[in-house]
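Coordinates from input_39.cif are shown below (mmCIF, C-alpha atoms, pLDDT in the B column; chains and numbers go by the auth columns).
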data_coords
#
loop_
_atom_site.group_PDB
_atom_site.id
_atom_site.type_symbol
_atom_site.label_atom_id
_atom_site.label_comp_id
_atom_site.label_asym_id
_atom_site.label_seq_id
_atom_site.Cartn_x
_atom_site.Cartn_y
_atom_site.Cartn_z
_atom_site.B_iso_or_equiv
_atom_site.auth_seq_id
_atom_site.auth_asym_id
ATOM 1 C CA MET A 1 40.971 13.364 8.267 45.00 1 A
ATOM 2 C CA THR A 2 40.047 10.301 6.282 45.00 2 A
ATOM 3 C CA SER A 3 37.069 10.734 4.024 45.00 3 A
ATOM 4 C CA ARG A 4 36.357 7.188 2.925 48.00 4 A
ATOM 5 C CA THR A 5 32.681 6.431 2.636 59.00 5 A
ATOM 6 C CA THR A 6 32.724 2.730 3.425 69.00 6 A
ATOM 7 C CA PRO A 7 29.750 1.686 5.517 73.00 7 A
ATOM 8 C CA ALA A 8 30.175 1.262 9.245 81.00 8 A
ATOM 9 C CA GLU A 9 29.786 -2.197 10.792 86.00 9 A
ATOM 10 C CA PHE A 10 26.417 -0.955 12.105 87.00 10 A
ATOM 11 C CA ASP A 11 25.246 -0.330 8.502 87.00 11 A
ATOM 12 C CA ARG A 12 26.549 -3.689 7.274 89.00 12 A
ATOM 13 C CA ARG A 13 24.811 -5.567 10.093 90.00 13 A
ATOM 14 C CA GLN A 14 21.633 -3.632 9.424 88.00 14 A
ATOM 15 C CA ASN A 15 21.719 -4.292 5.668 88.00 15 A
ATOM 16 C CA ARG A 16 22.364 -8.007 6.154 92.00 16 A
ATOM 17 C CA ALA A 17 19.501 -8.336 8.626 93.00 17 A
ATOM 18 C CA GLY A 18 17.224 -6.253 6.406 90.00 18 A
ATOM 19 C CA PHE A 19 17.836 -8.454 3.377 90.00 19 A
ATOM 20 C CA ARG A 20 17.446 -11.604 5.465 93.00 20 A
ATOM 21 C CA ASP A 21 14.055 -10.394 6.737 92.00 21 A
ATOM 22 C CA ALA A 22 12.630 -8.737 3.633 93.00 22 A
ATOM 23 C CA LEU A 23 13.866 -10.802 0.680 95.00 23 A
ATOM 24 C CA PRO A 24 11.817 -13.963 1.408 95.00 24 A
ATOM 25 C CA ALA A 25 8.756 -11.793 2.059 95.00 25 A
ATOM 26 C CA VAL A 26 9.171 -9.929 -1.247 94.00 26 A
ATOM 27 C CA LEU A 27 9.635 -13.215 -3.135 96.00 27 A
ATOM 28 C CA ALA A 28 6.587 -14.710 -1.422 96.00 28 A
ATOM 29 C CA LEU A 29 4.553 -11.622 -2.319 93.00 29 A
ATOM 30 C CA VAL A 30 5.580 -11.815 -5.982 94.00 30 A
ATOM 31 C CA VAL A 31 4.776 -15.554 -6.117 95.00 31 A
ATOM 32 C CA ALA A 32 1.393 -14.993 -4.426 93.00 32 A
ATOM 33 C CA GLU A 33 0.519 -12.117 -6.784 89.00 33 A
ATOM 34 C CA VAL A 34 1.464 -14.166 -9.855 90.00 34 A
ATOM 35 C CA LEU A 35 -0.465 -17.156 -8.515 88.00 35 A
ATOM 36 C CA VAL A 36 -3.622 -15.160 -7.821 86.00 36 A
ATOM 37 C CA ALA A 37 -3.353 -13.265 -11.112 83.00 37 A
ATOM 38 C CA SER A 38 -3.036 -16.538 -13.019 85.00 38 A
ATOM 39 C CA LEU A 39 -6.327 -17.801 -11.557 81.00 39 A
ATOM 40 C CA ASP A 40 -9.483 -16.563 -13.143 72.00 40 A
ATOM 41 C CA LEU A 41 -11.152 -15.339 -9.964 68.00 41 A
ATOM 42 C CA HIS A 42 -14.037 -13.719 -11.831 67.00 42 A
ATOM 43 C CA ALA A 43 -15.265 -17.118 -12.977 65.00 43 A
ATOM 44 C CA ARG A 44 -15.212 -18.676 -9.512 62.00 44 A
ATOM 45 C CA THR A 45 -18.131 -18.376 -7.184 66.00 45 A
ATOM 46 C CA ASN A 46 -17.376 -21.007 -4.544 71.00 46 A
ATOM 47 C CA ARG A 47 -16.535 -20.153 -0.931 74.00 47 A
ATOM 48 C CA TRP A 48 -12.771 -20.386 -1.517 78.00 48 A
ATOM 49 C CA HIS A 49 -12.959 -17.537 -3.973 82.00 49 A
ATOM 50 C CA LEU A 50 -12.430 -14.848 -1.324 82.00 50 A
ATOM 51 C CA ALA A 51 -9.738 -16.782 0.547 84.00 51 A
ATOM 52 C CA VAL A 52 -7.735 -17.276 -2.662 85.00 52 A
ATOM 53 C CA ALA A 53 -8.107 -13.617 -3.619 86.00 53 A
ATOM 54 C CA LEU A 54 -6.693 -12.549 -0.251 89.00 54 A
ATOM 55 C CA ILE A 55 -3.655 -14.869 -0.299 91.00 55 A
ATOM 56 C CA PRO A 56 -1.224 -11.993 -1.147 92.00 56 A
ATOM 57 C CA LEU A 57 -2.185 -10.371 2.158 94.00 57 A
ATOM 58 C CA LEU A 58 -0.131 -12.990 4.021 96.00 58 A
ATOM 59 C CA PRO A 59 3.256 -12.108 2.447 95.00 59 A
ATOM 60 C CA ALA A 60 2.243 -8.428 2.552 94.00 60 A
ATOM 61 C CA CYS A 61 1.863 -8.730 6.337 96.00 61 A
ATOM 62 C CA TRP A 62 5.184 -10.599 6.445 96.00 62 A
ATOM 63 C CA LEU A 63 6.755 -7.652 4.588 94.00 63 A
ATOM 64 C CA GLY A 64 5.176 -5.248 7.077 94.00 64 A
ATOM 65 C CA TRP A 65 6.684 -7.257 9.923 95.00 65 A
ATOM 66 C CA ALA A 66 10.107 -7.135 8.195 95.00 66 A
ATOM 67 C CA HIS A 67 9.777 -3.372 7.916 92.00 67 A
ATOM 68 C CA TRP A 68 8.830 -3.113 11.574 94.00 68 A
ATOM 69 C CA ARG A 69 11.957 -5.076 12.509 94.00 69 A
ATOM 70 C CA MET A 70 14.046 -2.805 10.301 92.00 70 A
ATOM 71 C CA LEU A 71 12.629 0.239 12.099 92.00 71 A
ATOM 72 C CA ARG A 72 13.501 -1.347 15.442 93.00 72 A
ATOM 73 C CA ARG A 73 17.093 -1.909 14.294 92.00 73 A
ATOM 74 C CA SER A 74 17.459 1.657 12.996 93.00 74 A
ATOM 75 C CA ASP A 75 19.250 4.317 14.978 94.00 75 A
ATOM 76 C CA GLU A 76 17.479 7.527 16.019 95.00 76 A
ATOM 77 C CA PHE A 77 18.233 9.539 12.862 95.00 77 A
ATOM 78 C CA GLN A 78 17.270 6.695 10.532 94.00 78 A
ATOM 79 C CA ARG A 79 14.057 6.071 12.446 94.00 79 A
ATOM 80 C CA ILE A 80 12.982 9.706 12.042 95.00 80 A
ATOM 81 C CA ALA A 81 13.911 9.612 8.333 94.00 81 A
ATOM 82 C CA HIS A 82 11.893 6.400 7.852 93.00 82 A
ATOM 83 C CA LEU A 83 8.874 7.863 9.619 94.00 83 A
ATOM 84 C CA GLU A 84 9.069 11.099 7.605 95.00 84 A
ATOM 85 C CA ALA A 85 9.308 9.123 4.346 95.00 85 A
ATOM 86 C CA MET A 86 6.317 7.011 5.408 95.00 86 A
ATOM 87 C CA THR A 87 4.394 10.200 6.188 97.00 87 A
ATOM 88 C CA ILE A 88 5.090 11.526 2.689 97.00 88 A
ATOM 89 C CA GLY A 89 4.044 8.176 1.170 97.00 89 A
ATOM 90 C CA PHE A 90 0.856 8.201 3.233 97.00 90 A
ATOM 91 C CA ALA A 91 0.037 11.769 2.193 97.00 91 A
ATOM 92 C CA VAL A 92 0.571 10.922 -1.490 97.00 92 A
ATOM 93 C CA ALA A 93 -1.603 7.804 -1.147 96.00 93 A
ATOM 94 C CA MET A 94 -4.378 9.817 0.517 96.00 94 A
ATOM 95 C CA LEU A 95 -4.213 12.492 -2.161 96.00 95 A
ATOM 96 C CA ALA A 96 -4.218 9.849 -4.907 95.00 96 A
ATOM 97 C CA ALA A 97 -7.211 8.103 -3.282 94.00 97 A
ATOM 98 C CA LEU A 98 -9.126 11.389 -3.127 95.00 98 A
ATOM 99 C CA THR A 99 -8.202 12.256 -6.711 95.00 99 A
ATOM 100 C CA GLY A 100 -9.149 8.741 -7.867 93.00 100 A
ATOM 101 C CA GLY A 101 -12.471 8.945 -6.049 92.00 101 A
ATOM 102 C CA LEU A 102 -13.314 12.301 -7.610 94.00 102 A
ATOM 103 C CA LEU A 103 -12.298 11.200 -11.090 93.00 103 A
ATOM 104 C CA HIS A 104 -14.145 7.899 -10.709 91.00 104 A
ATOM 105 C CA ALA A 105 -17.256 9.886 -9.807 91.00 105 A
ATOM 106 C CA ALA A 106 -16.743 11.768 -13.064 92.00 106 A
ATOM 107 C CA ASP A 107 -16.588 8.378 -14.841 90.00 107 A
ATOM 108 C CA VAL A 108 -12.853 8.439 -15.489 90.00 108 A
ATOM 109 C CA GLY A 109 -11.077 5.103 -14.959 85.00 109 A
ATOM 110 C CA SER A 110 -12.188 2.139 -12.886 87.00 110 A
ATOM 111 C CA SER A 111 -11.945 1.487 -9.137 85.00 111 A
ATOM 112 C CA PRO A 112 -9.248 -1.224 -9.444 85.00 112 A
ATOM 113 C CA GLN A 113 -7.167 1.107 -11.614 87.00 113 A
ATOM 114 C CA TRP A 114 -7.391 3.937 -9.093 90.00 114 A
ATOM 115 C CA LEU A 115 -6.605 1.560 -6.233 90.00 115 A
ATOM 116 C CA GLN A 116 -3.465 0.392 -8.028 89.00 116 A
ATOM 117 C CA ILE A 117 -2.424 3.972 -8.807 92.00 117 A
ATOM 118 C CA THR A 118 -2.989 4.927 -5.159 94.00 118 A
ATOM 119 C CA PHE A 119 -0.944 1.980 -3.889 91.00 119 A
ATOM 120 C CA ILE A 120 1.912 2.425 -6.367 94.00 120 A
ATOM 121 C CA GLY A 121 1.941 6.213 -5.879 95.00 121 A
ATOM 122 C CA GLY A 122 2.175 5.892 -2.099 95.00 122 A
ATOM 123 C CA ILE A 123 4.935 3.278 -2.234 93.00 123 A
ATOM 124 C CA LEU A 124 6.894 5.254 -4.853 96.00 124 A
ATOM 125 C CA ALA A 125 6.700 8.487 -2.853 96.00 125 A
ATOM 126 C CA TRP A 126 7.885 6.608 0.250 94.00 126 A
ATOM 127 C CA VAL A 127 10.747 4.882 -1.572 93.00 127 A
ATOM 128 C CA ILE A 128 11.900 8.126 -3.233 96.00 128 A
ATOM 129 C CA ALA A 129 11.618 10.255 -0.072 95.00 129 A
ATOM 130 C CA LEU A 130 13.696 7.891 2.077 93.00 130 A
ATOM 131 C CA PRO A 131 17.119 8.157 0.356 92.00 131 A
ATOM 132 C CA ILE A 132 16.624 11.904 -0.057 92.00 132 A
ATOM 133 C CA ARG A 133 16.110 12.229 3.684 88.00 133 A
ATOM 134 C CA LEU A 134 18.999 9.870 4.472 86.00 134 A
ATOM 135 C CA ARG A 135 21.408 11.385 1.927 81.00 135 A
ATOM 136 C CA SER A 136 24.978 11.799 3.136 62.00 136 A
ATOM 137 C CA MET B 1 22.895 23.624 16.976 85.00 137 B
ATOM 138 C CA ASP B 2 26.556 23.817 15.900 91.00 138 B
ATOM 139 C CA ASN B 3 29.069 21.133 16.782 93.00 139 B
ATOM 140 C CA ARG B 4 32.770 20.308 16.567 94.00 140 B
ATOM 141 C CA LEU B 5 32.293 16.699 15.540 95.00 141 B
ATOM 142 C CA ARG B 6 34.128 16.940 12.219 95.00 142 B
ATOM 143 C CA GLU B 7 37.018 18.806 13.822 95.00 143 B
ATOM 144 C CA LEU B 8 37.358 16.307 16.687 96.00 144 B
ATOM 145 C CA ARG B 9 37.138 13.390 14.274 96.00 145 B
ATOM 146 C CA ALA B 10 39.815 14.948 12.058 95.00 146 B
ATOM 147 C CA VAL B 11 42.217 15.302 14.979 95.00 147 B
ATOM 148 C CA ARG B 12 41.892 11.587 15.667 95.00 148 B
ATOM 149 C CA LYS B 13 42.049 10.721 11.944 95.00 149 B
ATOM 150 C CA TRP B 14 38.852 8.697 12.199 95.00 150 B
ATOM 151 C CA SER B 15 36.577 8.157 9.233 94.00 151 B
ATOM 152 C CA GLN B 16 32.847 8.705 9.626 94.00 152 B
ATOM 153 C CA ALA B 17 32.441 4.917 9.549 93.00 153 B
ATOM 154 C CA GLU B 18 34.953 4.469 12.385 94.00 154 B
ATOM 155 C CA LEU B 19 33.199 7.067 14.512 96.00 155 B
ATOM 156 C CA ALA B 20 29.830 5.504 13.668 95.00 156 B
ATOM 157 C CA ASP B 21 31.098 2.135 14.897 94.00 157 B
ATOM 158 C CA ARG B 22 32.306 3.681 18.146 95.00 158 B
ATOM 159 C CA LEU B 23 28.912 5.350 18.642 96.00 159 B
ATOM 160 C CA GLU B 24 26.990 2.278 17.435 94.00 160 B
ATOM 161 C CA VAL B 25 25.014 4.316 14.907 95.00 161 B
ATOM 162 C CA SER B 26 24.979 4.440 11.107 93.00 162 B
ATOM 163 C CA ARG B 27 27.461 6.490 9.063 93.00 163 B
ATOM 164 C CA GLN B 28 24.483 8.457 7.750 92.00 164 B
ATOM 165 C CA THR B 29 23.747 9.601 11.278 95.00 165 B
ATOM 166 C CA VAL B 30 27.320 10.782 11.867 96.00 166 B
ATOM 167 C CA ASN B 31 27.196 12.651 8.555 94.00 167 B
ATOM 168 C CA ALA B 32 23.830 14.223 9.366 94.00 168 B
ATOM 169 C CA ILE B 33 25.110 15.441 12.749 96.00 169 B
ATOM 170 C CA GLU B 34 28.349 16.804 11.258 95.00 170 B
ATOM 171 C CA THR B 35 26.533 18.712 8.547 93.00 171 B
ATOM 172 C CA GLY B 36 24.006 20.107 11.025 91.00 172 B
ATOM 173 C CA ARG B 37 21.049 18.335 9.438 92.00 173 B
ATOM 174 C CA TYR B 38 20.301 16.473 12.641 94.00 174 B
ATOM 175 C CA ASP B 39 20.705 17.289 16.321 95.00 175 B
ATOM 176 C CA PRO B 40 21.377 14.127 18.337 96.00 176 B
ATOM 177 C CA SER B 41 19.282 13.056 21.291 96.00 177 B
ATOM 178 C CA LEU B 42 20.698 13.665 24.749 96.00 178 B
ATOM 179 C CA PRO B 43 21.805 10.010 25.213 96.00 179 B
ATOM 180 C CA LEU B 44 23.665 10.086 21.880 97.00 180 B
ATOM 181 C CA ALA B 45 25.195 13.477 22.697 96.00 181 B
ATOM 182 C CA PHE B 46 26.498 12.021 25.980 96.00 182 B
ATOM 183 C CA LYS B 47 27.931 9.060 24.093 96.00 183 B
ATOM 184 C CA ILE B 48 29.664 11.393 21.632 97.00 184 B
ATOM 185 C CA ALA B 49 31.128 13.332 24.536 97.00 185 B
ATOM 186 C CA GLU B 50 32.326 10.087 26.112 96.00 186 B
ATOM 187 C CA VAL B 51 33.922 8.843 22.894 97.00 187 B
ATOM 188 C CA PHE B 52 35.856 12.094 22.461 96.00 188 B
ATOM 189 C CA GLY B 53 36.552 12.492 26.189 96.00 189 B
ATOM 190 C CA GLU B 54 35.138 16.000 26.262 94.00 190 B
ATOM 191 C CA ALA B 55 32.202 17.732 27.924 95.00 191 B
ATOM 192 C CA ILE B 56 28.981 17.975 25.921 94.00 192 B
ATOM 193 C CA GLU B 57 29.021 21.773 26.068 94.00 193 B
ATOM 194 C CA SER B 58 32.472 21.878 24.509 94.00 194 B
ATOM 195 C CA ILE B 59 31.235 19.842 21.509 95.00 195 B
ATOM 196 C CA PHE B 60 27.735 21.230 21.017 95.00 196 B
ATOM 197 C CA HIS B 61 26.806 24.866 21.276 89.00 197 B
ATOM 198 C CA PRO B 62 23.837 26.997 20.172 88.00 198 B
ATOM 199 C CA SER B 63 23.862 28.044 16.577 79.00 199 B
ATOM 200 C CA THR B 64 25.367 31.502 16.004 70.00 200 B
ATOM 201 C CA MET B 65 22.921 32.301 13.214 59.00 201 B
#
Once more with this new file: its structure as structure tokens, please.
Amino acid sequence: MTSRTTPAEFDRRQNRAGFRDALPAVLALVVAEVLVASLDLHARTNRWHLAVALIPLLPACWLGWAHWRMLRRSDEFQRIAHLEAMTIGFAVAMLAALTGGLLHAADVGSSPQWLQITFIGGILAWVIALPIRLRS
Amino acid sequence: MDNRLRELRAVRKWSQAELADRLEVSRQTVNAIETGRYDPSLPLAFKIAEVFGEAIESIFHPSTM
């Protein structure tokens, strides 16, 4: 029996398509975040203020679409692993949101800080859970 | 569910990647089935049986534990 661990053509096709879909979205998200962060939104009060603040939502939706396409390309085992990892990420985000809310009520930290911790915690849990579930 | 996937693959000297290509799934999926971490769906089980030219019940059988 051969025991080489080279990826199958299915994996290579999937990886190529995944990078092609997600990379531009990730780059766009980084550019949008940097752009919005570089603007002093607190000082602006005109009607474009909200629209500018929400610009990163566009590449974030693009990234969501890329992830959806990746799920559609996945085989049955990968799809279950992805959904389980997302479930873990969601649970961590919910727990972090609850913890942040309780601590904020006790005057610990600010809302934006807790929102960032919730977001990063959820994404990290998701990203860590996925390879563990897919390990081979 | 136990299976004879690794044994059947060994007889044919196929790598996991080669079998994955024949089944049109990822290598991770072949590995997960071989190690008993994942039981394939019925359509995939039929495809596995077709690839090896054996009946499903001769490849998959209830776990003895």
*Using the chain letters and numbers from the file, give me the residues hit by the PyMOL selection byres ((chain B) within 12 of (chain A)), as a PyMOL selection string.*
chain B and resi 141-181
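In this structure, CA of Ala60 (chain A) sits 22.4 Å away from CA of Arg47 (chain A).
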Adding 5 Å on each side of the box along x, y and z that holds all listed atoms of region 74-87 of chain A, could you give its centre and edge lengths in Å to one decimal, as lines of an AutoDock Vina configuration file?
center_x = 11.8
center_y = 6.4
center_z = 10.2
size_x = 24.9
size_y = 19.4
size_z = 21.7
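Distance-wise, CA of Leu35 (chain A) and CA of Trp68 (chain A) end up 26.2 Å apart.
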_Can you spell out as a PyMOL selection string the set of residues that the PyMOL selection byres ((chain A and resi 110-121) around 6) selects in the structure I just provided?_
chain A and resi 93+96-97+100+109+122-124
*Please measure the separation of CA of Ala28 (chain A) and CA of Arg69 (chain A), giving the value in Å to one decimal.*
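Interatomic distance, CA of Ala28 (chain A) to CA of Arg69 (chain A): 17.8 Å.
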_Result set of the PyMOL selection byres ((chain B and resi 138) around 6) on the coordinates above, as number ranges by chain_ = B: 137, 139, 196-199
*Selection: 9 Å around Phe182 (chain B), all atoms listed in the file, excl. self and same-chain fewer than 5 positions, as a list in words*: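 Everything that qualifies: Ser177, Val187, Ala191 and Ile192 of chain B.
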*Quick one: everything within 10 Å of Leu83 (chain A), counting all atoms listed in the file, minus sequence neighbours fewer than 6 positions away in the same chain. Send it as a PyMOL selection string.*
chain A and resi 71+89+126+130
